[in-house]
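Dropping target06.cif in here (mmCIF, C-alpha atoms and all ligand atoms):
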data_protein
loop_
_atom_site.label_atom_id
_atom_site.label_comp_id
_atom_site.auth_asym_id
_atom_site.auth_seq_id
_atom_site.Cartn_x
_atom_site.Cartn_y
_atom_site.Cartn_z
CA MET Y 697 170.62 45.34 78.98
CA THR Y 698 172.99 43.63 76.57
CA VAL Y 699 171.83 41.94 73.36
CA ALA Y 700 172.81 38.60 74.93
CA MET Y 701 170.11 39.06 77.60
CA GLY Y 702 167.50 39.40 74.85
CA ARG Y 703 165.63 42.50 73.82
CA ALA Y 704 162.06 43.26 72.86
CA ASP Y 705 163.22 45.03 69.69
CA THR Y 706 165.71 42.48 68.28
CA PRO Y 707 164.77 42.12 64.58
CA LEU Y 708 163.34 38.68 63.81
CA PRO Y 709 163.91 37.04 60.42
CA ALA Y 710 160.77 36.17 58.42
CA ASP Y 711 161.98 32.57 57.89
CA VAL Y 712 164.12 30.32 60.10
CA ASP Y 713 165.08 26.66 60.12
CA VAL Y 714 164.25 26.22 63.82
CA ALA Y 715 162.06 28.46 65.97
CA VAL Y 716 162.26 27.74 69.70
CA ILE Y 717 159.30 29.03 71.71
CA GLY Y 718 160.36 29.67 75.32
CA GLY Y 719 163.63 31.14 76.58
CA GLY Y 720 164.07 28.99 79.69
CA ILE Y 721 166.98 26.64 80.28
CA MET Y 722 165.59 24.08 77.78
CA GLY Y 723 165.07 26.51 74.92
CA LEU Y 724 168.35 28.33 75.43
CA GLY Y 725 170.40 25.18 76.13
CA LEU Y 726 169.09 23.70 72.90
CA ALA Y 727 169.77 26.92 70.95
CA TYR Y 728 173.33 27.04 72.32
CA HIS Y 729 174.03 23.46 71.20
CA LEU Y 730 172.39 23.98 67.78
CA ALA Y 731 174.59 27.04 67.21
CA GLN Y 732 177.63 25.11 68.40
CA LEU Y 733 176.93 22.19 66.04
CA SER Y 734 176.31 24.23 62.93
CA ARG Y 735 179.47 26.34 63.29
CA GLY Y 736 181.58 26.24 60.14
CA LYS Y 737 179.09 24.12 58.17
CA SER Y 738 175.91 25.37 56.51
CA PRO Y 739 174.48 26.86 59.70
CA LEU Y 740 170.90 26.28 60.79
CA SER Y 741 169.12 29.57 61.40
CA VAL Y 742 167.67 29.52 64.92
CA ALA Y 743 165.40 32.02 66.69
CA VAL Y 744 164.32 31.86 70.35
CA ILE Y 745 161.13 33.73 71.22
CA GLU Y 746 160.47 34.39 74.92
CA ARG Y 747 157.28 35.95 76.24
CA SER Y 748 158.86 37.72 79.22
CA TYR Y 749 162.36 38.35 80.62
CA LEU Y 750 164.92 35.54 80.80
CA VAL Y 751 164.60 33.53 84.07
CA SER Y 752 160.94 34.51 84.41
CA GLY Y 753 159.79 30.86 84.18
CA ALA Y 754 160.70 27.77 86.22
CA SER Y 755 164.34 28.17 85.15
CA GLY Y 756 164.67 31.31 87.28
CA ARG Y 757 162.69 29.97 90.23
CA ASN Y 758 164.23 26.60 91.02
CA GLY Y 759 166.51 25.18 93.71
CA GLY Y 760 169.51 24.57 91.40
CA GLY Y 761 169.94 20.97 92.59
CA VAL Y 762 171.93 18.66 90.32
CA ARG Y 763 172.06 14.94 91.06
CA MET Y 764 172.71 11.53 89.58
CA GLN Y 765 170.67 9.75 92.28
CA TRP Y 766 167.73 8.50 90.24
CA GLY Y 767 165.68 5.33 90.27
CA ASP Y 768 166.16 4.48 86.61
CA ALA Y 769 169.41 3.58 84.85
CA GLY Y 770 168.67 5.85 81.86
CA ASN Y 771 168.17 8.87 84.11
CA VAL Y 772 171.30 8.04 86.16
CA ARG Y 773 173.42 7.82 82.98
CA LEU Y 774 171.94 11.03 81.57
CA MET Y 775 172.70 12.88 84.80
CA MET Y 776 176.24 11.49 84.95
CA GLU Y 777 176.69 13.05 81.50
CA SER Y 778 175.02 16.32 82.56
CA ILE Y 779 177.26 16.63 85.64
CA GLU Y 780 180.32 15.92 83.51
CA LEU Y 781 179.20 18.71 81.12
CA CYS Y 782 178.68 21.08 84.09
CA LYS Y 783 182.36 20.75 85.06
CA ASP Y 784 183.60 22.58 81.94
CA LEU Y 785 180.55 24.67 81.19
CA ALA Y 786 181.54 27.76 83.17
CA GLN Y 787 184.68 28.03 81.08
CA GLN Y 788 182.81 27.41 77.80
CA LEU Y 789 180.08 29.93 78.63
CA GLY Y 790 182.46 32.43 80.22
CA ILE Y 791 180.30 32.88 83.32
CA ASN Y 792 180.52 31.65 86.91
CA LEU Y 793 177.78 29.02 87.35
CA TRP Y 794 178.52 28.61 91.09
CA PHE Y 795 178.60 24.84 90.53
CA ARG Y 796 179.45 23.27 93.88
CA GLN Y 797 179.66 19.48 94.30
CA GLY Y 798 178.75 19.08 97.95
CA GLY Y 799 176.80 15.87 97.29
CA TYR Y 800 173.15 14.93 97.85
CA LEU Y 801 172.14 13.21 101.09
CA PHE Y 802 168.86 11.26 100.84
CA LEU Y 803 167.19 10.22 104.12
CA ALA Y 804 164.70 7.35 104.46
CA ARG Y 805 162.41 7.26 107.50
CA SER Y 806 160.10 4.48 106.32
CA GLU Y 807 160.60 0.86 105.31
CA ALA Y 808 159.50 1.69 101.74
CA GLY Y 809 162.04 4.52 101.56
CA GLU Y 810 164.74 2.23 102.90
CA ARG Y 811 164.03 -0.33 100.16
CA ARG Y 812 164.05 2.42 97.55
CA LEU Y 813 167.51 3.61 98.63
CA GLU Y 814 168.90 0.04 98.76
CA ARG Y 815 167.63 -0.64 95.25
CA ASN Y 816 169.09 2.68 94.01
CA VAL Y 817 172.54 2.00 95.40
CA GLN Y 818 172.67 -1.37 93.66
CA LEU Y 819 171.52 0.20 90.37
CA HIS Y 820 173.97 3.11 90.68
CA GLY Y 821 176.81 0.66 91.29
CA GLU Y 822 175.92 -1.20 88.07
CA VAL Y 823 175.85 2.07 86.09
CA GLY Y 824 179.05 3.43 87.69
CA ALA Y 825 177.63 6.24 89.87
CA PRO Y 826 179.49 6.56 93.22
CA THR Y 827 176.41 6.49 95.51
CA ARG Y 828 176.86 4.77 98.87
CA LEU Y 829 174.54 3.59 101.64
CA LEU Y 830 174.93 5.25 105.05
CA THR Y 831 173.59 4.50 108.51
CA ALA Y 832 171.77 7.28 110.35
CA ALA Y 833 174.92 7.95 112.39
CA GLU Y 834 177.02 8.23 109.21
CA ALA Y 835 174.47 10.68 107.76
CA GLN Y 836 174.74 12.74 110.93
CA ALA Y 837 178.52 12.77 110.63
CA ILE Y 838 178.03 14.60 107.28
CA VAL Y 839 175.36 16.99 108.66
CA PRO Y 840 175.78 17.12 112.48
CA GLN Y 841 172.74 19.44 112.88
CA LEU Y 842 170.32 16.71 111.67
CA ASP Y 843 167.97 15.03 114.11
CA VAL Y 844 168.35 11.43 112.89
CA ALA Y 845 166.19 9.74 115.55
CA GLU Y 846 163.71 8.57 112.90
CA VAL Y 847 166.20 8.02 110.06
CA ARG Y 848 166.51 4.33 109.10
CA LEU Y 849 168.94 4.63 106.19
CA ALA Y 850 170.58 7.24 103.96
CA THR Y 851 172.46 7.48 100.67
CA PHE Y 852 175.17 9.93 99.68
CA ASN Y 853 176.66 10.74 96.31
CA PRO Y 854 179.58 13.18 96.55
CA GLU Y 855 179.36 14.21 92.88
CA ASP Y 856 175.86 15.65 93.13
CA GLY Y 857 175.61 19.35 93.89
CA VAL Y 858 174.02 22.73 93.25
CA VAL Y 859 174.32 25.54 90.68
CA PHE Y 860 173.10 29.15 90.52
CA PRO Y 861 170.28 28.91 87.94
CA TRP Y 862 170.23 32.52 86.68
CA ALA Y 863 173.87 32.51 85.64
CA PHE Y 864 173.31 29.23 83.81
CA VAL Y 865 170.43 30.67 81.73
CA TRP Y 866 172.28 33.92 81.01
CA GLY Y 867 175.42 32.00 80.04
CA TYR Y 868 173.58 29.86 77.48
CA ALA Y 869 171.78 32.95 76.13
CA ALA Y 870 174.96 34.99 75.71
CA LYS Y 871 176.88 32.25 73.92
CA ALA Y 872 173.94 31.28 71.70
CA VAL Y 873 173.56 34.91 70.59
CA GLU Y 874 177.31 35.24 70.07
CA ARG Y 875 177.07 32.23 67.72
CA GLY Y 876 174.25 33.61 65.61
CA VAL Y 877 171.02 32.66 67.41
CA VAL Y 878 168.39 35.41 67.30
CA LEU Y 879 166.93 35.95 70.79
CA ARG Y 880 163.75 38.01 71.15
CA THR Y 881 162.29 38.55 74.64
CA HIS Y 882 159.02 40.15 75.84
CA THR Y 883 157.23 38.68 72.82
CA SER Y 884 154.46 36.07 73.01
CA VAL Y 885 153.67 33.49 70.40
CA VAL Y 886 149.90 33.79 70.34
CA ARG Y 887 149.02 31.46 67.46
CA VAL Y 888 150.71 28.53 65.72
CA GLU Y 889 149.49 27.99 62.16
CA PRO Y 890 150.43 24.79 60.31
CA LEU Y 891 151.73 25.38 56.76
CA ALA Y 892 152.32 22.89 53.93
CA GLN Y 893 155.92 22.81 55.21
CA GLY Y 894 156.50 23.97 58.77
CA TYR Y 895 154.58 26.53 60.77
CA ALA Y 896 153.80 30.23 60.90
CA LEU Y 897 154.18 31.70 64.38
CA HIS Y 898 151.95 34.70 65.00
CA LEU Y 899 153.35 37.03 67.64
CA HIS Y 900 151.48 39.45 69.90
CA THR Y 901 153.23 42.29 68.07
CA GLY Y 902 151.52 41.33 64.79
CA GLU Y 903 154.75 39.93 63.34
CA VAL Y 904 154.81 36.46 61.74
CA VAL Y 905 157.81 34.11 61.71
CA ARG Y 906 157.81 31.02 59.47
CA ALA Y 907 159.81 28.05 60.67
CA ARG Y 908 160.60 24.69 59.08
CA ARG Y 909 160.59 23.16 62.56
CA VAL Y 910 159.25 24.52 65.84
CA VAL Y 911 160.35 23.48 69.33
CA ASN Y 912 157.82 23.89 72.13
CA ALA Y 913 160.06 24.74 75.10
CA THR Y 914 157.39 26.55 77.11
CA GLY Y 915 157.44 24.11 80.04
CA ALA Y 916 154.36 24.43 82.26
CA TRP Y 917 152.69 26.63 79.62
CA SER Y 918 153.23 24.12 76.77
CA GLY Y 919 149.68 22.77 76.85
CA ALA Y 920 148.21 26.05 75.59
CA LEU Y 921 150.25 25.91 72.35
CA ASN Y 922 149.73 22.16 71.96
CA ARG Y 923 145.96 22.52 72.21
CA GLN Y 924 145.98 24.96 69.27
CA LEU Y 925 147.27 22.11 67.08
CA GLY Y 926 145.07 19.43 68.63
CA ILE Y 927 148.08 17.81 70.32
CA ASP Y 928 146.86 16.08 73.46
CA LEU Y 929 149.65 15.38 75.95
CA PRO Y 930 149.19 14.56 79.65
CA ASN Y 931 151.72 16.97 81.23
CA ARG Y 932 150.10 19.47 83.60
CA PRO Y 933 151.29 22.53 85.58
CA HIS Y 934 151.77 22.18 89.32
CA ARG Y 935 152.62 25.02 91.74
CA HIS Y 936 155.79 24.47 93.71
CA GLU Y 937 156.84 26.83 96.51
CA ILE Y 938 160.32 27.46 97.84
CA LEU Y 939 162.10 29.97 100.11
CA SER Y 940 165.53 31.18 101.10
CA SER Y 941 166.80 32.35 104.48
CA GLU Y 942 169.01 35.16 105.67
CA PRO Y 943 172.70 34.39 104.92
CA LEU Y 944 174.17 32.00 107.49
CA LYS Y 945 177.78 31.00 108.14
CA PRO Y 946 178.68 28.11 105.78
CA PHE Y 947 177.74 24.90 107.65
CA LEU Y 948 176.03 22.62 105.11
CA ASP Y 949 177.79 20.87 102.24
CA PRO Y 950 175.20 18.52 100.70
CA LEU Y 951 171.67 19.12 99.51
CA VAL Y 952 169.56 17.07 101.94
CA VAL Y 953 166.30 15.34 100.93
CA ASP Y 954 163.84 13.67 103.28
CA LEU Y 955 162.07 11.02 101.17
CA SER Y 956 159.08 10.75 103.53
CA THR Y 957 158.01 14.40 103.33
CA GLY Y 958 159.66 15.56 100.08
CA LEU Y 959 161.45 18.29 102.07
CA TYR Y 960 164.79 19.41 100.62
CA PHE Y 961 167.33 22.03 101.66
CA SER Y 962 170.80 23.18 100.65
CA GLN Y 963 173.02 26.14 101.46
CA SER Y 964 173.86 28.52 98.63
CA THR Y 965 177.33 29.95 98.11
CA ARG Y 966 175.93 33.20 99.57
CA GLY Y 967 175.05 31.36 102.78
CA GLU Y 968 171.25 31.29 102.36
CA LEU Y 969 169.42 28.09 103.19
CA VAL Y 970 167.31 27.30 100.09
CA THR Y 971 164.45 24.94 100.95
CA GLY Y 972 161.21 23.65 99.47
CA ILE Y 973 158.50 21.06 99.91
CA SER Y 974 155.34 20.22 98.00
CA LEU Y 975 152.03 20.92 99.66
CA PRO Y 976 150.03 17.68 99.66
CA ASP Y 977 146.96 19.39 98.18
CA ALA Y 978 148.52 22.11 95.98
CA PRO Y 979 146.39 22.96 92.93
CA ASP Y 980 147.49 20.65 90.13
CA GLY Y 981 146.71 20.97 86.46
CA SER Y 982 144.33 23.91 86.75
CA ASP Y 983 144.89 27.51 85.70
CA GLU Y 984 145.40 28.22 89.40
CA SER Y 985 148.60 26.14 89.18
CA LEU Y 986 150.10 28.92 87.09
CA THR Y 987 149.37 31.73 89.54
CA LEU Y 988 152.72 32.53 91.05
CA HIS Y 989 151.91 34.03 94.46
CA SER Y 990 153.29 32.60 97.70
CA SER Y 991 151.19 31.16 100.51
CA LEU Y 992 151.31 31.26 104.31
CA ARG Y 993 150.23 27.60 104.27
CA PHE Y 994 153.50 26.67 102.58
CA LEU Y 995 155.52 28.68 105.09
CA THR Y 996 153.90 27.00 108.10
CA HIS Y 997 154.06 23.49 106.58
CA LEU Y 998 157.70 23.89 105.61
CA SER Y 999 158.69 25.42 108.98
CA ALA Y 1000 157.10 22.55 110.93
CA THR Y 1001 158.78 19.90 108.76
CA LEU Y 1002 162.18 21.57 108.57
CA THR Y 1003 162.53 22.38 112.27
CA ARG Y 1004 161.67 18.78 113.15
CA LEU Y 1005 164.56 17.46 111.04
CA MET Y 1006 166.95 20.41 111.59
CA PRO Y 1007 166.06 21.91 115.00
CA ILE Y 1008 168.64 24.73 114.69
CA THR Y 1009 166.62 26.25 111.83
CA ALA Y 1010 163.95 27.33 114.34
CA ALA Y 1011 166.01 30.48 114.92
CA MET Y 1012 166.52 31.15 111.22
CA LYS Y 1013 164.91 34.17 109.52
CA VAL Y 1014 163.23 33.81 106.14
CA LEU Y 1015 164.35 36.38 103.59
CA ARG Y 1016 162.41 35.48 100.42
CA GLN Y 1017 159.61 33.13 99.41
CA TRP Y 1018 158.45 32.44 95.88
CA VAL Y 1019 156.59 30.02 93.58
CA GLY Y 1020 157.43 28.36 90.29
CA PRO Y 1021 155.58 25.93 88.04
CA TYR Y 1022 156.56 22.27 87.78
CA ASP Y 1023 155.54 20.81 84.39
CA VAL Y 1024 154.45 17.39 85.66
CA SER Y 1025 154.36 14.34 83.42
CA PRO Y 1026 152.38 11.30 84.64
CA ASP Y 1027 155.34 8.89 84.65
CA GLY Y 1028 157.87 11.38 86.03
CA ASP Y 1029 159.83 11.36 82.78
CA ALA Y 1030 160.25 14.16 80.26
CA ILE Y 1031 158.32 14.46 76.99
CA VAL Y 1032 160.80 15.07 74.18
CA GLY Y 1033 160.52 14.62 70.41
CA PRO Y 1034 158.08 14.98 67.50
CA SER Y 1035 154.45 15.53 68.47
CA PRO Y 1036 151.79 12.97 67.54
CA GLY Y 1037 150.42 14.07 64.14
CA HIS Y 1038 152.91 16.98 63.96
CA PRO Y 1039 156.42 15.60 63.31
CA ASP Y 1040 157.91 19.09 62.84
CA PHE Y 1041 156.47 20.44 66.09
CA ILE Y 1042 158.97 19.18 68.65
CA GLN Y 1043 158.26 18.89 72.37
CA VAL Y 1044 160.87 19.43 75.07
CA CYS Y 1045 158.55 19.51 78.08
CA GLY Y 1046 157.35 17.57 81.11
CA PHE Y 1047 160.53 17.89 83.17
CA THR Y 1048 158.63 18.13 86.48
CA GLY Y 1049 161.16 19.14 89.20
CA HIS Y 1050 164.37 18.16 87.44
CA GLY Y 1051 164.62 19.96 84.11
CA PHE Y 1052 167.35 22.28 85.19
CA MET Y 1053 169.85 19.58 86.00
CA MET Y 1054 169.03 17.63 82.84
CA ALA Y 1055 169.24 20.60 80.48
CA PRO Y 1056 172.96 20.34 79.62
CA ALA Y 1057 172.64 16.72 78.43
CA VAL Y 1058 169.16 17.20 76.92
CA GLY Y 1059 170.22 20.33 74.98
CA ARG Y 1060 173.09 18.40 73.49
CA LEU Y 1061 171.22 15.25 72.56
CA LEU Y 1062 168.21 17.11 71.13
CA ALA Y 1063 170.47 19.42 69.08
CA ARG Y 1064 172.33 16.40 67.70
CA TRP Y 1065 169.03 14.80 66.73
CA LEU Y 1066 167.67 17.99 65.09
CA ALA Y 1067 170.89 18.94 63.28
CA LEU Y 1068 172.41 15.52 62.51
CA GLY Y 1069 169.53 13.06 62.85
CA GLU Y 1070 171.50 11.25 65.58
CA ALA Y 1071 169.44 8.88 67.72
CA HIS Y 1072 169.76 8.56 71.51
CA PRO Y 1073 168.10 5.90 73.71
CA MET Y 1074 166.52 8.59 75.92
CA LEU Y 1075 164.73 10.10 72.91
CA ALA Y 1076 162.98 6.78 72.33
CA ARG Y 1077 162.12 6.56 76.05
CA TRP Y 1078 160.81 10.13 76.22
CA SER Y 1079 158.78 9.99 72.99
CA PRO Y 1080 155.46 11.91 73.20
CA ASP Y 1081 153.91 8.85 71.47
CA ARG Y 1082 154.31 6.72 74.58
CA PHE Y 1083 151.03 7.97 76.03
CA ALA Y 1084 148.98 6.99 72.96
CA ALA Y 1085 147.93 3.64 74.44
CA GLY Y 1086 146.89 5.27 77.74
CA GLY Y 1087 148.43 4.46 81.12
CA VAL Y 1088 152.14 4.52 81.86
CA ALA Y 1089 154.59 1.64 81.42
CA ARG Y 1090 157.03 2.60 84.18
CA ARG Y 1091 157.46 5.44 86.65
CA GLU Y 1092 160.52 7.36 87.82
CA ASP Y 1093 159.99 7.42 91.59
CA MET Y 1094 162.84 9.72 92.69
CA ILE Y 1095 160.82 12.90 92.06
CA ILE Y 1096 161.29 15.42 94.87
CA GLY Y 1097 159.03 18.18 96.08
C1 LIG Y 1101 160.42 25.83 92.88
C2 LIG Y 1101 161.08 24.91 91.89
C3 LIG Y 1101 162.21 24.21 92.27
C4 LIG Y 1101 162.87 23.39 91.34
N1 LIG Y 1101 164.06 22.78 91.69
C5 LIG Y 1101 164.79 22.15 90.74
C6 LIG Y 1101 166.07 21.64 91.05
O1 LIG Y 1101 166.56 21.76 92.19
N2 LIG Y 1101 166.78 21.03 90.06
C7 LIG Y 1101 166.27 20.91 88.79
O2 LIG Y 1101 166.93 20.32 87.94
N3 LIG Y 1101 165.05 21.38 88.47
C8 LIG Y 1101 164.31 22.00 89.41
N4 LIG Y 1101 163.07 22.50 89.09
C9 LIG Y 1101 162.53 22.25 87.73
C10 LIG Y 1101 163.18 23.15 86.71
O3 LIG Y 1101 163.18 24.49 87.15
C11 LIG Y 1101 162.42 23.03 85.39
O4 LIG Y 1101 162.27 21.67 85.04
C12 LIG Y 1101 163.14 23.74 84.25
O5 LIG Y 1101 163.55 25.03 84.64
C13 LIG Y 1101 162.24 23.79 83.04
O6 LIG Y 1101 162.85 24.62 82.08
P1 LIG Y 1101 162.04 25.06 80.79
O7 LIG Y 1101 162.96 25.85 79.97
O8 LIG Y 1101 161.41 23.84 80.21
O9 LIG Y 1101 160.81 25.92 81.36
P2 LIG Y 1101 160.74 27.46 81.82
O10 LIG Y 1101 161.98 27.88 82.50
O11 LIG Y 1101 159.46 27.61 82.57
O12 LIG Y 1101 160.69 28.23 80.45
C14 LIG Y 1101 159.55 28.26 79.64
C15 LIG Y 1101 159.46 29.67 79.08
O13 LIG Y 1101 158.46 29.71 78.06
C16 LIG Y 1101 157.92 31.02 78.06
N5 LIG Y 1101 156.64 30.99 77.35
C17 LIG Y 1101 155.50 30.38 77.75
N6 LIG Y 1101 154.55 30.55 76.82
C18 LIG Y 1101 155.08 31.27 75.82
C19 LIG Y 1101 154.59 31.77 74.59
N7 LIG Y 1101 153.33 31.55 74.19
N8 LIG Y 1101 155.42 32.50 73.79
C20 LIG Y 1101 156.71 32.73 74.16
N9 LIG Y 1101 157.23 32.27 75.33
C21 LIG Y 1101 156.43 31.55 76.14
C22 LIG Y 1101 157.81 31.36 79.55
O14 LIG Y 1101 157.75 32.76 79.75
C23 LIG Y 1101 159.08 30.71 80.12
O15 LIG Y 1101 160.15 31.63 80.27
C24 LIG Y 1101 162.36 23.27 90.00
C25 LIG Y 1101 161.21 23.96 89.64
C26 LIG Y 1101 160.58 24.78 90.56
C27 LIG Y 1101 159.37 25.52 90.12
#
Show me the file's structure as structure tokens.
Amino acid sequence: MTVAMGRADTPLPADVDVAVIGGGIMGLGLAYHLAQLSRGKSPLSVAVIERSYLVSGASGRNGGGVRMQWGDAGNVRLMMESIELCKDLAQQLGINLWFRQGGYLFLARSEAGERRLERNVQLHGEVGAPTRLLTAAEAQAIVPQLDVAEVRLATFNPEDGVVFPWAFVWGYAAKAVERGVVLRTHTSVVRVEPLAQGYALHLHTGEVVRARRVVNATGAWSGALNRQLGIDLPNRPHRHEILSSEPLKPFLDPLVVDLSTGLYFSQSTRGELVTGISLPDAPDGSDESLTLHSSLRFLTHLSATLTRLMPITAAMKVLRQWVGPYDVSPDGDAIVGPSPGHPDFIQVCGFTGHGFMMAPAVGRLLARWLALGEAHPMLARWSPDRFAAGGVARREDMIIG
């Protein structure tokens, strides 16, 4: 294993400017951008501490979907930026990200879904995203294998697409390390102790790292660290299951989403159909949400839903099935910024089912805020303080799965 993949015996400094807990896409994307920004100037010292191997969390278990089709202008703009960043990222990171812009095809089978898509297309037009409305027949012209008998309306954005998540995480890790970030894997932060300035992180190895600022990038596990400091945030873990098929001849360009059931499927560059759906009554918020074993219930529910919409998949063989944790926030938006009562303990959590696609833009904007104090409208929107008054002001309704 190379140093860039992290090692359990990488020496950790006793003091750092920024300690990032969690080596998923959020932690590593942020570390990469921090290292990038402080090149040449007085560099910030940055350490990333990951409990397990890289890609062990949600960042190694997701569908790799990347889209600008959102229900809120801020999220659409952010994803336009993220997709723009994705275009050059393979070259910058020196690794093939398998980024393929085959589009996203959303299908509405209810009147409410139809209204949602109509509203989105108008919003996307105002923001400059090239999403267009399609009839059921036009949707079927893009994916001829679809049974569109119940489809009332569809939208298509040709710039949406898919990536290969593992390469993305490894690419950020390698470049961050090359630029001076210390990456330690297989090491848990077991206790966070507030100091007069900053925090002391106590590791399971007995080591202690002091940090002026700490970033909690532990996704679905973030609540455990927050509770140690009395930080009460409403994001909760939620099990999400997914599977991939045997390799099939390339036949599917877009990632397809059925709004009524939350079913989604795409074809990977290796030919596998990658598909997921949320179980209506999956454990949510409990410790059970973080148990990562697959269920037969998911397999039967997904098979019934998928074969109804794509009858040819009835003959398809399943190769792998797995689970990952969504880190669900009550309004569907991320939780990013200083924690209530702990301004130097920074959250970058609550990304539900869309953190992977947002990571390029989020890593950049959060690094610019940490290193340069630069504001961004999304940081105000995503502030952990927004839950203080109870309830939620608005809700992002284009959450899938
Ligand atoms: C099945 C599934 C499908 C998805 N599909 C998509 C998709 O198509 N597109 C998309 O954009 N998003 C998708 N997502 C969501 C996306 O994967 C996540 O939002 C994103 O990966 C979150 O990244 P993260 O770095 O915040 O969390 P993670 O990748 O979970 O990283 C957190 C890390 O923190 C570590 N950690 C936890 N506690 C400690 C500790 N005490 N000390 C040290 N380390 C610790 C964990 O080991 C973990 O590696 C999907 C998620 C799932 C589960």
Within 9 Å of Ala896 (chain Y), counting all atoms listed in the file, which residues qualify if same-chain residues fewer than 5 places away don't, as a short mmCIF file (atom, residue, chain, number, x, y, z; two decimals) with C-alpha atoms, in the frame of the given file?
data_model
loop_
_atom_site.label_atom_id
_atom_site.label_comp_id
_atom_site.auth_asym_id
_atom_site.auth_seq_id
_atom_site.Cartn_x
_atom_site.Cartn_y
_atom_site.Cartn_z
CA ARG Y 887 149.02 31.46 67.46
CA VAL Y 888 150.71 28.53 65.72
CA GLU Y 889 149.49 27.99 62.16
CA PRO Y 890 150.43 24.79 60.31
CA LEU Y 891 151.73 25.38 56.76
CA VAL Y 904 154.81 36.46 61.74
CA VAL Y 905 157.81 34.11 61.71
CA ARG Y 906 157.81 31.02 59.47
CA ALA Y 907 159.81 28.05 60.67
CA ARG Y 908 160.60 24.69 59.08
#
Name all residues at most 7 Å from region 744-754 of chain Y (count only C-alpha atoms; drop same-chain ones fewer than 6 positions away) and give them as a ChimeraX atom specification. /Y:715-720,862,865,878-884,1020-1021
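The interatomic distance for the pair CA of Leu948 (chain Y) and CA of Ala786 (chain Y) works out to 23.2 Å.
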In Å to one decimal, how far is CA of Gly915 (chain Y) from atom C16 of ligand LIG 1101 (chain Y)? 7.2 Å
Closest of Y:Gly1051, Y:Gly967, Y:Gly790, Y:Gly1086 to ligand LIG 1101 (chain Y) - atom-to-atom distances counting only C-alpha atoms and all ligand atoms: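 Ranked by minimum distance to ligand LIG 1101 (chain Y), first place goes to Y:Gly1051.
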Suppose you want the space between CA of Pro1034 (chain Y) and CA of Pro930 (chain Y); what is it in Å?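 The value is 15.1 Å.
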For Val859 (chain Y): contacts at 6 Å, only C-alpha atoms, fewer than 3 positions along chain excluded, given as a ChimeraX atom specification: /Y:760,793-795
With a distance cut-off of 8 Å and all atoms listed in the file, select the neighbouring residues of region 931-944 of chain Y, excluding the residue or stretch itself and same-chain residues fewer than 2 positions from it, and output the selection as a ChimeraX atom specification. /Y:758-759,916-917,919,929,946-947,966-975,978-982,985-988,990,994,1012-1026,1045-1046,1097
Which polymer residues, protein or nucleic acid, are no farther than 10 Å from (166.8, 2.2, 95.1), counting all atoms listed in the file, as a compact mmCIF listing (two decimals) with C-alpha atoms, in the coordinates of the input?
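Saved the output as part.txt:
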# COMPACT_ATOMS: atom_id res chain seq x y z
CA GLN Y 765 170.67 9.75 92.28
CA TRP Y 766 167.73 8.50 90.24
CA GLY Y 767 165.68 5.33 90.27
CA ASP Y 768 166.16 4.48 86.61
CA ALA Y 808 159.50 1.69 101.74
CA GLY Y 809 162.04 4.52 101.56
CA GLU Y 810 164.74 2.23 102.90
CA ARG Y 811 164.03 -0.33 100.16
CA ARG Y 812 164.05 2.42 97.55
CA LEU Y 813 167.51 3.61 98.63
CA GLU Y 814 168.90 0.04 98.76
CA ARG Y 815 167.63 -0.64 95.25
CA ASN Y 816 169.09 2.68 94.01
CA VAL Y 817 172.54 2.00 95.40
CA GLN Y 818 172.67 -1.37 93.66
CA LEU Y 819 171.52 0.20 90.37
CA HIS Y 820 173.97 3.11 90.68
CA THR Y 851 172.46 7.48 100.67
CA ASP Y 1093 159.99 7.42 91.59
CA MET Y 1094 162.84 9.72 92.69
Kindly indicate which residue among Y:Ile1095, Y:Ala1089, Y:Ala1030, Y:Leu1002 lies nearest to Asp843 (chain Y), using only C-alpha atoms for the distances. Y:Leu1002
Dump as number ranges by chain all residues having an atom at most 12 Å from (178.9, 16.0, 84.5), computed in the file's coordinates with all atoms listed in the file. Y: 762-764, 772-785, 795-797, 825, 855-857, 1053-1057
As a PDB file with C-alpha atoms, in the coordinates of the input, please: the residues near Val953 (chain Y) (cut-off 9 Å, only C-alpha atoms, same-chain neighbours under 3 positions excluded).
ATOM      1  CA  TYR Y 800     173.150  14.930  97.850  1.00  0.00           C
ATOM      2  CA  LEU Y 801     172.140  13.210 101.090  1.00  0.00           C
ATOM      3  CA  PHE Y 802     168.860  11.260 100.840  1.00  0.00           C
ATOM      4  CA  LEU Y 803     167.190  10.220 104.120  1.00  0.00           C
ATOM      5  CA  ALA Y 804     164.700   7.350 104.460  1.00  0.00           C
ATOM      6  CA  SER Y 956     159.080  10.750 103.530  1.00  0.00           C
ATOM      7  CA  THR Y 957     158.010  14.400 103.330  1.00  0.00           C
ATOM      8  CA  GLY Y 958     159.660  15.560 100.080  1.00  0.00           C
ATOM      9  CA  LEU Y 959     161.450  18.290 102.070  1.00  0.00           C
ATOM     10  CA  TYR Y 960     164.790  19.410 100.620  1.00  0.00           C
ATOM     11  CA  PHE Y 961     167.330  22.030 101.660  1.00  0.00           C
ATOM     12  CA  ILE Y1096     161.290  15.420  94.870  1.00  0.00           C
TER      13      ILE Y1096
END
Counting all atoms listed in the file, which of Y:Ile721, Y:Leu708, Y:Leu899, Y:Ala870 gets nearest to ligand LIG 1101 (chain Y)?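 Of Y:Ile721, Y:Leu708, Y:Leu899, Y:Ala870, the one nearest ligand LIG 1101 (chain Y), counting all atoms listed in the file, is Y:Ile721.
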